Amino acid sequence: MYTRSAGEGLPLVLLHAFPLSSAMWLAQREGLAAVCKVITPDLRGFGGSALGEDEPSVDVMADDVARLLDREGVDRAVVGGQSMGGYVTMAMCRRHPDRLLGVILADTKAGADTEAARANRERVATAVLGSGSSVLVEEMLPALVGRTTAQRRAMVFGRVRGLVQSAPPQAAAWAQRAMAGRPDSFDTLRGLKVPALVIVGEEDEISPVADAEAMVGAVPDGRLAVIEKAGHLSALEQPEAFNRAVAGFTAELAGAARPHG
Ligand code: MLT
C-alpha cells in the first residue's frame, strides 16, 4: 500500500475520498505534522497502490489499513476518512476496533446504499470501465465541492478536477462496487468504544449535515464540527478549519491518555 507520511507523535491515519488519492491530504500532512504522525495511504488501485485480485469490499480496504499499521509498527492510531474513507473507517471499527484510539468521520454517512444508489454505482462502474474517467468528471465533479468553492475558488476546483481525471478506471469501478456492498454501520457506531469526531462541510450535498448529525447521535462519545463555506471535500476546501477541528480532537485524546496527577 503506497503511503505518504509526515510528522511525529500520535499516529493519525487519514483515508481519502472517491475517486481521489492521498494527494488530497496535502494540507493535512503540512498542517498537522507539528502535532501528529500523519499517515495517508492510497486505497487500493488509487495513486500508487496496486488494485490486487480481491472481490470489491470496504472490508478488504480496512484490512489493508490494519496491515499498514503493522508495517508502520503502530499498535493503535486515530483513524479517519473523508466520504469513502469514512466507510473504510467504519469497516475498521467493525473489524479492527482494537487498533483505534479515536475515529474521524468526515463528510460520510453510516447508512447503506438504497437499491437505486446501488444500481447507479453499477452503471457508473460499467461506464468508467467502458469509456474512462470522463463519466466521473461529468457526473461527480460538480457535487464534490460546495457552491462557495465552485463559484469563487477556481484553483481548488481545478485541483479537484485534476485528481478526479487521474482516477484509474479499474480502481474507480472496483471502489463503486465495494461501496455498493457496504453494510449499514449504525450498530457499529452505537458500540464504538473510542471517541469520535464527525466533520461535515455545511454545503455538502452528497453527505449532508443531517447524515453527520445522525452519526454523532449514534456514537457514545461524539462531537460535531461543521465547516463553513465547504462542501463534500471539506479537508481540501477549508483545510485550516478542518485541521483545527482535527488538532483539537487529537489534543483531547493525547490529554486523556496522559496519566493524571
Ligand atoms: C466519496 O466522496 O468518497 C464518494 O462521494 C462516496 C460515495 O460515492 O458514496
# chains A, B, ... in the order shown; residues from 1 in each chain; ligands from 1
>>> closest_atom_pairs(of="chain A", to="ligand 1", cutoff="8 Å", atoms="only C-alpha atoms and all ligand atoms", output="CSV")
residue,atom,partner,partner_atom_place_in_ligand_line,distance
A:His16,CA,ligand 1,3 (O),7.2
A:Ala17,CA,ligand 1,3 (O),3.6
A:Phe18,CA,ligand 1,3 (O),3.5
A:Pro19,CA,ligand 1,3 (O),6.4
A:Leu20,CA,ligand 1,3 (O),7.9
A:Gln82,CA,ligand 1,3 (O),6.5
A:Ser83,CA,ligand 1,3 (O),4.1
A:Met84,CA,ligand 1,3 (O),3.6
A:Gly85,CA,ligand 1,3 (O),6.4
A:Gly86,CA,ligand 1,3 (O),8.0
A:Asp107,CA,ligand 1,2 (O),7.8
A:Thr108,CA,ligand 1,6 (C),7.2
A:Arg121,CA,ligand 1,8 (O),7.9
A:Met140,CA,ligand 1,5 (O),7.8
A:Leu144,CA,ligand 1,2 (O),6.6
A:Gln176,CA,ligand 1,8 (O),7.0
A:Met179,CA,ligand 1,9 (O),6.6
A:Ile206,CA,ligand 1,5 (O),6.3
A:Ser207,CA,ligand 1,5 (O),7.8
A:His232,CA,ligand 1,2 (O),6.8
A:Leu233,CA,ligand 1,2 (O),7.2
>>> residues_around(residues="range 34-51 of chain A", least_positions_apart="5", cutoff="10 Å", atoms="only C-alpha atoms", output="PyMOL selection string")
chain A and resi 1-26+28-29+56+60-62+64-65+68-69+72+77-81+84-85+88+163+166-175+247+250-251
>>> closest_residue(among="A:Pro183, A:Glu115, A:Glu139, A:Ala66", to="Leu100 in chain A", atoms="only C-alpha atoms")
A:Ala66
>>> select_by_dssp(residues="range 7-160 of chain A", states="strand (DSSP E)", output="list in words")
Leu10, Pro11, Leu12, Val13, Leu14, Leu15, Cys36, Lys37, Val38, Ile39, Thr40, Pro41, Ala77, Val78, Val79, Gly80, Gly81, Gln82, Leu100, Leu101, Gly102, Val103, Ile104, Leu105 and Ala106 of chain A
>>> select_by_dssp(residues="range 30-191 of chain A", states="helix (DSSP H, G or I)", output="VMD selection string")
chain A and resid 30 to 32 58 to 72 84 to 95 97 to 99 115 to 131 134 to 139 141 to 144 147 to 152 154 to 165 169 to 180 186 to 190
>>> write_last_selection(atoms="C-alpha atoms", output="tab-separated table (two decimals), in the first residue's frame")
chain	number	residue	atom	x	y	z
A	30	GLU	CA	1.59	20.04	6.11
A	31	GLY	CA	-0.71	21.46	8.77
A	32	LEU	CA	-0.92	18.57	11.23
A	58	VAL	CA	-14.74	-1.95	2.05
A	59	ASP	CA	-13.64	-4.73	4.44
A	60	VAL	CA	-10.72	-5.55	2.15
A	61	MET	CA	-9.69	-1.89	2.26
A	62	ALA	CA	-9.97	-1.87	6.08
A	63	ASP	CA	-7.77	-4.98	6.30
A	64	ASP	CA	-5.22	-3.20	4.08
A	65	VAL	CA	-5.14	-0.36	6.62
A	66	ALA	CA	-4.64	-2.78	9.53
A	67	ARG	CA	-1.71	-4.34	7.64
A	68	LEU	CA	-0.31	-0.86	7.03
A	69	LEU	CA	-0.39	-0.21	10.80
A	70	ASP	CA	1.52	-3.48	11.33
A	71	ARG	CA	4.09	-2.41	8.76
A	72	GLU	CA	4.49	1.03	10.35
A	84	MET	CA	-15.40	6.68	1.04
A	85	GLY	CA	-12.53	6.90	3.53
A	86	GLY	CA	-15.21	7.21	6.22
A	87	TYR	CA	-16.87	3.99	5.00
A	88	VAL	CA	-13.48	2.27	5.33
A	89	THR	CA	-13.05	3.80	8.80
A	90	MET	CA	-16.41	2.31	9.83
A	91	ALA	CA	-15.25	-1.06	8.47
A	92	MET	CA	-12.13	-0.64	10.67
A	93	CYS	CA	-14.47	-0.05	13.64
A	94	ARG	CA	-16.17	-3.37	12.85
A	95	ARG	CA	-13.12	-5.46	12.03
A	97	PRO	CA	-11.59	-1.99	16.88
A	98	ASP	CA	-8.51	-2.77	18.98
A	99	ARG	CA	-6.34	-0.71	16.58
A	115	GLU	CA	-31.35	-0.09	-4.23
A	116	ALA	CA	-31.37	2.92	-6.58
A	117	ALA	CA	-27.95	4.08	-5.34
A	118	ARG	CA	-26.54	0.57	-5.85
A	119	ALA	CA	-27.89	0.41	-9.37
A	120	ASN	CA	-26.39	3.81	-10.11
A	121	ARG	CA	-22.98	2.71	-8.83
A	122	GLU	CA	-23.08	-0.33	-11.13
A	123	ARG	CA	-23.97	1.96	-14.04
A	124	VAL	CA	-21.02	4.25	-13.21
A	125	ALA	CA	-18.68	1.25	-12.78
A	126	THR	CA	-19.64	-0.08	-16.21
A	127	ALA	CA	-19.34	3.37	-17.82
A	128	VAL	CA	-15.93	4.08	-16.32
A	129	LEU	CA	-14.60	0.71	-17.47
A	130	GLY	CA	-16.01	1.34	-20.95
A	131	SER	CA	-15.08	4.96	-21.53
A	134	SER	CA	-14.83	11.27	-18.16
A	135	VAL	CA	-18.05	9.95	-16.57
A	136	LEU	CA	-16.61	10.81	-13.15
A	137	VAL	CA	-15.71	14.31	-14.26
A	138	GLU	CA	-19.12	14.89	-15.83
A	139	GLU	CA	-21.32	13.32	-13.19
A	141	LEU	CA	-17.14	16.52	-10.01
A	142	PRO	CA	-19.92	19.14	-9.78
A	143	ALA	CA	-21.24	17.75	-6.47
A	144	LEU	CA	-17.86	17.02	-4.90
A	147	ARG	CA	-21.09	26.15	-4.01
A	148	THR	CA	-18.54	28.53	-2.46
A	149	THR	CA	-15.64	26.56	-3.93
A	150	ALA	CA	-17.40	26.10	-7.28
A	151	GLN	CA	-18.17	29.83	-7.60
A	152	ARG	CA	-15.19	31.53	-6.01
A	154	ALA	CA	-11.10	28.20	-9.23
A	155	MET	CA	-7.71	26.92	-8.04
A	156	VAL	CA	-9.23	24.46	-5.58
A	157	PHE	CA	-11.86	23.37	-8.10
A	158	GLY	CA	-9.15	22.85	-10.73
A	159	ARG	CA	-7.11	20.77	-8.33
A	160	VAL	CA	-10.09	18.51	-7.57
A	161	ARG	CA	-10.79	18.16	-11.31
A	162	GLY	CA	-7.19	17.05	-11.86
A	163	LEU	CA	-7.44	14.46	-9.12
A	164	VAL	CA	-10.73	13.10	-10.50
A	165	GLN	CA	-9.32	12.93	-14.04
A	169	PRO	CA	-10.86	3.34	-14.27
A	170	GLN	CA	-10.33	-0.16	-12.83
A	171	ALA	CA	-9.95	1.25	-9.32
A	172	ALA	CA	-12.95	3.54	-9.72
A	173	ALA	CA	-15.16	0.62	-10.83
A	174	TRP	CA	-13.86	-1.63	-8.03
A	175	ALA	CA	-14.47	1.07	-5.41
A	176	GLN	CA	-18.01	1.78	-6.67
A	177	ARG	CA	-18.82	-1.92	-6.28
A	178	ALA	CA	-17.15	-2.02	-2.85
A	179	MET	CA	-19.20	0.96	-1.66
A	180	ALA	CA	-22.41	-0.55	-3.08
A	186	PHE	CA	-25.26	2.48	12.82
A	187	ASP	CA	-24.97	-0.55	15.16
A	188	THR	CA	-21.19	-0.40	14.78
A	189	LEU	CA	-21.23	3.28	15.73
A	190	ARG	CA	-23.51	2.64	18.71
>>> atom_distance(atom1="CA of Asp211 in chain A", atom2="CA of Ala256 in chain A")
27.8 Å
>>> closest_residue(among="A:Val246, A:Gly111, A:Lys193, A:Val209", to="His96 in chain A", atoms="only C-alpha atoms")
A:Lys193
